[in-house]
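Notes follow the structure.
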Amino acid sequence: VSVEGWIEGATANAPVVGGTNDESVVTIEYKAQDAEDSAYATTVPTEAGDYVIRASVAQSENYLAATATNSFAIISASQNVINLIDALGEVPAKADEGFEDYGTALSAARAAYEELGGDDKDLVGEDNLKTLKDAEAAYETVANSYEVKGLADIENVNITVDGEEWVSGNVYTGKVVTVTPDGGYEITNFVVATAADENLLTTISLKENPAQSAT
């Protein structure tokens, strides 16, 4: 017998019993893990805690009686949020397959926290809440980052990022990229790829003309 634990207040999961047959009449009982066997009852527990489930089959004409037990837990809603936060870890790179899954897990942790009542939110604790907020900020930073690259061979143009000299290979977040052609040249094409392409500044085309800037 086995049963997957659940979150306090949610619908209890149904137990799974194996090794039975058409003659089997199975009785399912529960008790707190530290309680005596005399505490077994058919009532499904509802409060957070560690429990034991027992499946009993009475003796029949063709089969002997049998019992099986297993452990499970009901976790509080606040502990569920803590578990979701603990599972986050570091934000993957935007190009990694796990980046989108991380965003989903992050949203789930935030949603679970917001669903808590005031007392339960207090049980999550300031440290765990800070961890969640830091993860959200880190995720936002990675999601909004882009890299300026691929322009090392372009001549007659000056590239700055927020007024500072552009460094090939650096990743910049929330910055203004300015391209200024040298005297006698004009920008004819200035392309920043979409977010799906990681916001890469990929193309600059020039022609000879009076200098101008593009941002």
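As shown in the structure tokens, the chain order sets the letters A, B, ...; within each chain, residues go from 1, and ligands are also counted from 1 in the order they appear.
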
| Test item: residues at most 9 Å from segment 63-71 of chain A, only C-alpha atoms, excluding those fewer than 2 positions along its chain, as a list in words |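 The neighbour list is Val1, Ser2, Val3, Gly5, Val17, Glu23, Ser24, Gln33, Asp50, Tyr51, Val52, Ile53, Arg54, Ala55, Ser56, Val57, Ala58, Gln59, Ser60, Glu61 and Ala73 of chain A.
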
| field | Glu114 of chain A environment, 12 Å, only C-alpha atoms, sequence neighbours closer than 3 positions dropped, as a ChimeraX atom specification | value | /A:77-78,81,107-111,117-118,120-122,124,129,132

How would the residues just chosen look if you wrote them out with N, CA, C and O atoms as a compact mmCIF listing (two decimals), in the first residue's frame?
```
# COMPACT_ATOMS: atom_id res chain seq x y z
N ALA A 77 0.67 24.40 4.36
CA ALA A 77 0.77 25.26 3.17
C ALA A 77 2.03 26.11 3.22
O ALA A 77 2.68 26.33 2.20
N SER A 78 2.40 26.56 4.43
CA SER A 78 3.61 27.37 4.55
C SER A 78 4.86 26.53 4.26
O SER A 78 5.80 26.99 3.61
N VAL A 81 5.36 26.15 0.56
CA VAL A 81 6.01 27.32 -0.04
C VAL A 81 7.51 27.27 0.21
O VAL A 81 8.31 27.52 -0.70
N SER A 107 7.17 31.24 -10.61
CA SER A 107 5.79 31.74 -10.56
C SER A 107 4.94 30.91 -9.61
O SER A 107 4.09 31.44 -8.89
N ALA A 108 5.18 29.59 -9.60
CA ALA A 108 4.41 28.71 -8.72
C ALA A 108 4.72 29.01 -7.25
O ALA A 108 3.82 29.01 -6.40
N ALA A 109 5.99 29.27 -6.95
CA ALA A 109 6.37 29.60 -5.57
C ALA A 109 5.73 30.91 -5.13
O ALA A 109 5.21 31.02 -4.02
N ARG A 110 5.76 31.91 -6.00
CA ARG A 110 5.16 33.19 -5.67
C ARG A 110 3.64 33.07 -5.50
O ARG A 110 3.07 33.62 -4.54
N ALA A 111 2.99 32.32 -6.40
CA ALA A 111 1.54 32.16 -6.31
C ALA A 111 1.15 31.43 -5.03
O ALA A 111 0.18 31.81 -4.36
N GLY A 117 -2.58 32.79 4.12
CA GLY A 117 -3.10 33.80 5.02
C GLY A 117 -1.96 34.49 5.75
O GLY A 117 -0.79 34.06 5.67
N GLY A 118 -2.27 35.54 6.48
CA GLY A 118 -1.23 36.32 7.15
C GLY A 118 -0.38 35.51 8.10
O GLY A 118 0.86 35.62 8.10
N ASP A 120 0.16 32.26 8.11
CA ASP A 120 0.97 31.29 7.37
C ASP A 120 2.13 31.98 6.65
O ASP A 120 3.21 31.40 6.52
N LYS A 121 1.90 33.20 6.16
CA LYS A 121 3.00 33.94 5.53
C LYS A 121 4.12 34.19 6.55
O LYS A 121 5.30 34.12 6.21
N ASP A 122 3.73 34.48 7.78
CA ASP A 122 4.72 34.69 8.82
C ASP A 122 5.56 33.43 9.05
O ASP A 122 6.76 33.52 9.34
N VAL A 124 6.47 31.32 6.85
CA VAL A 124 7.46 31.16 5.78
C VAL A 124 8.78 31.79 6.19
O VAL A 124 9.86 31.26 5.89
N LEU A 129 11.47 34.42 2.33
CA LEU A 129 10.86 35.41 1.46
C LEU A 129 11.93 36.21 0.71
O LEU A 129 11.78 36.50 -0.48
N LEU A 132 13.17 34.18 -2.14
CA LEU A 132 12.23 34.23 -3.27
C LEU A 132 12.38 35.53 -4.04
O LEU A 132 12.44 35.54 -5.28
```

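Among A:Asn158, A:Asn128, A:Ser76, A:Thr141, the residue with the shortest atom-to-atom distance to Val91 of chain A, counting only C-alpha atoms, is A:Thr141.
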
| query | Of the candidates A:Thr43, A:Ser38, A:Thr20, A:Asn80, which shows the shortest atom-to-atom distance to Trp6 of chain A, using only C-alpha atoms? | reply | A:Asn80

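The environment of Glu47 of chain A within 10 Å, counting only C-alpha atoms and disregarding residues fewer than 5 places along the same chain, consists of A:Ile7, A:Glu8, A:Gly9, A:Ala73, A:Ile74, A:Ile75, A:Ser76.
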
Would you save the residues from that selection as a PDB file, in the first residue's frame, using all heavy atoms?
```pdb
ATOM      1  N   ILE A   7      -0.869  18.523   0.563  1.00  0.00           N
ATOM      2  CA  ILE A   7      -0.763  19.780   1.304  1.00  0.00           C
ATOM      3  C   ILE A   7      -1.994  19.948   2.177  1.00  0.00           C
ATOM      4  O   ILE A   7      -3.116  19.675   1.747  1.00  0.00           O
ATOM      5  CB  ILE A   7      -0.642  20.969   0.331  1.00  0.00           C
ATOM      6  CG1 ILE A   7       0.597  20.791  -0.555  1.00  0.00           C
ATOM      7  CG2 ILE A   7      -0.559  22.290   1.091  1.00  0.00           C
ATOM      8  CD1 ILE A   7       0.648  21.766  -1.707  1.00  0.00           C
ATOM      9  N   GLU A   8      -1.780  20.361   3.395  1.00  0.00           N
ATOM     10  CA  GLU A   8      -2.880  20.570   4.334  1.00  0.00           C
ATOM     11  C   GLU A   8      -3.952  21.474   3.711  1.00  0.00           C
ATOM     12  O   GLU A   8      -3.651  22.524   3.157  1.00  0.00           O
ATOM     13  CB  GLU A   8      -2.340  21.208   5.614  1.00  0.00           C
ATOM     14  CG  GLU A   8      -3.370  21.336   6.725  1.00  0.00           C
ATOM     15  CD  GLU A   8      -2.764  21.917   7.991  1.00  0.00           C
ATOM     16  OE1 GLU A   8      -1.755  22.650   7.880  1.00  0.00           O
ATOM     17  OE2 GLU A   8      -3.275  21.639   9.086  1.00  0.00           O
ATOM     18  N   GLY A   9      -5.187  21.016   3.777  1.00  0.00           N
ATOM     19  CA  GLY A   9      -6.293  21.763   3.201  1.00  0.00           C
ATOM     20  C   GLY A   9      -6.670  21.310   1.807  1.00  0.00           C
ATOM     21  O   GLY A   9      -7.760  21.639   1.319  1.00  0.00           O
ATOM     22  N   ALA A  73       3.255  11.921   4.478  1.00  0.00           N
ATOM     23  CA  ALA A  73       3.197  13.173   5.241  1.00  0.00           C
ATOM     24  C   ALA A  73       2.170  14.119   4.639  1.00  0.00           C
ATOM     25  O   ALA A  73       1.958  14.143   3.426  1.00  0.00           O
ATOM     26  CB  ALA A  73       4.563  13.849   5.275  1.00  0.00           C
ATOM     27  N   ILE A  74       1.534  14.868   5.495  1.00  0.00           N
ATOM     28  CA  ILE A  74       0.715  16.009   5.094  1.00  0.00           C
ATOM     29  C   ILE A  74       1.513  17.243   5.501  1.00  0.00           C
ATOM     30  O   ILE A  74       1.852  17.404   6.681  1.00  0.00           O
ATOM     31  CB  ILE A  74      -0.652  16.013   5.791  1.00  0.00           C
ATOM     32  CG1 ILE A  74      -1.426  14.732   5.461  1.00  0.00           C
ATOM     33  CG2 ILE A  74      -1.467  17.229   5.368  1.00  0.00           C
ATOM     34  CD1 ILE A  74      -2.744  14.602   6.230  1.00  0.00           C
ATOM     35  N   ILE A  75       1.865  18.070   4.545  1.00  0.00           N
ATOM     36  CA  ILE A  75       2.667  19.245   4.867  1.00  0.00           C
ATOM     37  C   ILE A  75       1.785  20.485   4.920  1.00  0.00           C
ATOM     38  O   ILE A  75       0.782  20.573   4.218  1.00  0.00           O
ATOM     39  CB  ILE A  75       3.825  19.456   3.870  1.00  0.00           C
ATOM     40  CG1 ILE A  75       3.299  19.731   2.467  1.00  0.00           C
ATOM     41  CG2 ILE A  75       4.768  18.279   3.886  1.00  0.00           C
ATOM     42  CD1 ILE A  75       4.382  20.122   1.488  1.00  0.00           C
ATOM     43  N   SER A  76       2.159  21.410   5.759  1.00  0.00           N
ATOM     44  CA  SER A  76       1.409  22.657   5.864  1.00  0.00           C
ATOM     45  C   SER A  76       1.598  23.481   4.598  1.00  0.00           C
ATOM     46  O   SER A  76       2.572  23.305   3.850  1.00  0.00           O
ATOM     47  CB  SER A  76       1.874  23.458   7.072  1.00  0.00           C
ATOM     48  OG  SER A  76       3.211  23.887   6.889  1.00  0.00           O
TER      49      SER A  76
END
```

| Could you state the separation of atom CA of Ala10 of chain A and atom CA of Phe72 of chain A in Å, given to one decimal place? | 14.8 Å

| task | Point out the residue among A:Thr131, A:Thr46, A:Val25, A:Phe99 with the least atom-to-atom distance to Ala87 of chain A, counting only C-alpha atoms. | result |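 Among the listed residues, the smallest separation from Ala87 of chain A belongs to A:Thr131.
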
| field | Separation of atom CA of Trp166 of chain A from atom CA of Asp96 of chain A, in Å and rounded to one decimal | value |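 Interatomic distance, atom CA of Trp166 of chain A to atom CA of Asp96 of chain A: 25.4 Å.
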